[in-house]
Amino acid sequence: MTWTRKDLVGIEELNREEIEFVLDTAKSFKKVLERPNKKLPSLRGKTVVHLFLEPSTRTLISFETAAMRLSADIINVSGSTSSVTKGESLRDTAENIQALKGDVIVLRHSSSGAAHYLARIMRIPVLNGGDGSHEHPTQALLDAFTLRENFGDDLSKLNITIVGDILFSRVARSNIWLLTKLGAKVTLCGPNTLVPKGLEKMGVRVSHNLQEAIKDADAVMLLRIQHERMNASYFPSLGEYRASFGLTRDRVNWLKDKAIIMHPGPINRGVELDSEVADSSRSVILNQVTNGIAVRMAGLYLCSAAAAQMD
Ligand code: CP
């Protein structure tokens, strides 16, 4: 297929063929990353601007590394050091980046819909590094890449359980779109208050019982409680959350022998999972992080190529 999108802002609008094309492209880039010379000339002379108006460790470093491996120049703009603190709007900030000859914007923003909004008004590619509780497309793609590494390219026979704060999680939303489009069976598990009503319409199963939700899973994705997005209390205490939904050392025995444990990070050890579980041989959490580089190289490369075709 030919990739024709200048932007990568959500999984919702992608079809199965497009998702698999990004994953296949990322597989080629991962091979490059395993060579002694890890650099390609694809984006030489281009400038990638990371406009990160919310904190990030993994996504920012991963996008930076991906852009450097493609030989791009990079500029990082953070909320606290930019003129956003003086009241400049997102639109004006982005239009100035375009006027300053930025070739790609990677945006992280606390408002749901911010990346789609910028993509509509910018001539240059916009990639979504996470917008509010809406989507985190490259996280879902790197999760799928990691699932393929463990179970083969066809994800349609897999049972995937996502546990935790579904309500505020952009990672959950992007993964629900992606995994259901690829035919996997998805189960969501968490307190009543953190699993929005009506999600079954997206083709997923909902359970509020951890043992029942994970016993048939091939992979369990644990999510952090996103206190920064909550303006009320959604469960009595972190201790009580852990008592019902934490993947403790003992509860790992509820899993199938070959089941893997995933987490987008940052992890809260002792809340959604125990330290022993995060560091166990079943955990692929750091493989997910490594795979983010290849997936983001694919996103930067494909969107830049599509934008060049439109000029
Ligand atoms: N997974 C993820 O988005 O992590 P960061 O917030 O550190 O980028």
# chains A, B, ... in the order shown; residues from 1 in each chain; ligands from 1

call {"tool": "residues_near_ligand", "arguments": {"ligand": "ligand 1", "cutoff": "9 Å", "atoms": "only C-alpha atoms and all ligand atoms", "output": "list in words"}}
result
Glu54, Pro55, Ser56, Thr57, Arg58, Thr59, Leu60, Ile61, Ser62, Arg108, Gly129, Gly130, His136, Thr138, Gln139, Val171, His263, Pro264, Gly265, Pro266 and Val289 of chain A

call {"tool": "select_by_dssp", "arguments": {"residues": "region 56-300 of chain A", "states": "strand (DSSP E)", "output": "VMD selection string"}}
result
chain A and resid 73 to 78 104 to 109 126 to 131 159 to 163 185 to 189 205 to 207 219 to 222 260 to 262

call {"tool": "closest_residue", "arguments": {"among": "A:Ser89, A:Thr2, A:Ser275, A:Thr248", "to": "Glu18 (chain A)", "atoms": "only C-alpha atoms"}}
result
A:Thr2

call {"tool": "select_by_dssp", "arguments": {"residues": "region 18-140 of chain A", "states": "helix (DSSP H, G or I)", "output": "PyMOL selection string"}}
result
chain A and resi 18-33+58-69+83-86+90-99+114-121+137-140

call {"tool": "closest_residue", "arguments": {"among": "A:Lys38, A:Lys258, A:Arg16, A:Arg5", "to": "Leu70 (chain A)", "atoms": "only C-alpha atoms"}}
result
A:Lys38

call {"tool": "residues_around", "arguments": {"residues": "Ser169 (chain A)", "least_positions_apart": "4", "cutoff": "8 Å", "atoms": "only C-alpha atoms", "output": "count of residues only"}}
result
6

call {"tool": "atom_distance", "arguments": {"atom1": "CA of Met1 (chain A)", "atom2": "CA of Leu142 (chain A)"}}
result
20.5 Å

call {"tool": "closest_residue", "arguments": {"among": "A:Arg120, A:Lys256, A:Lys197, A:Lys46", "to": "Lys215 (chain A)", "atoms": "only C-alpha atoms"}}
result
A:Lys256

call {"tool": "residues_around", "arguments": {"residues": "Glu200 (chain A)", "least_positions_apart": "5", "cutoff": "10 Å", "atoms": "only C-alpha atoms", "output": "number ranges by chain"}}
result
A: 186-188, 205-206

call {"tool": "closest_residue", "arguments": {"among": "A:Asp7, A:Leu210, A:Val277, A:Gly299", "to": "Ala115 (chain A)", "atoms": "only C-alpha atoms"}}
result
A:Asp7

call {"tool": "closest_residue", "arguments": {"among": "A:Thr193, A:Asp92, A:Gly87, A:Gly102", "to": "Ile75 (chain A)", "atoms": "only C-alpha atoms"}}
result
A:Gly102

call {"tool": "closest_residue", "arguments": {"among": "A:Ile214, A:Leu141, A:Pro196, A:Val252", "to": "Glu276 (chain A)", "atoms": "only C-alpha atoms"}}
result
A:Val252

call {"tool": "atom_distance", "arguments": {"atom1": "CA of Ser42 (chain A)", "atom2": "CA of Ile74 (chain A)"}}
result
14.1 Å

call {"tool": "atom_distance", "arguments": {"atom1": "CA of Val106 (chain A)", "atom2": "CA of His50 (chain A)"}}
result
4.8 Å
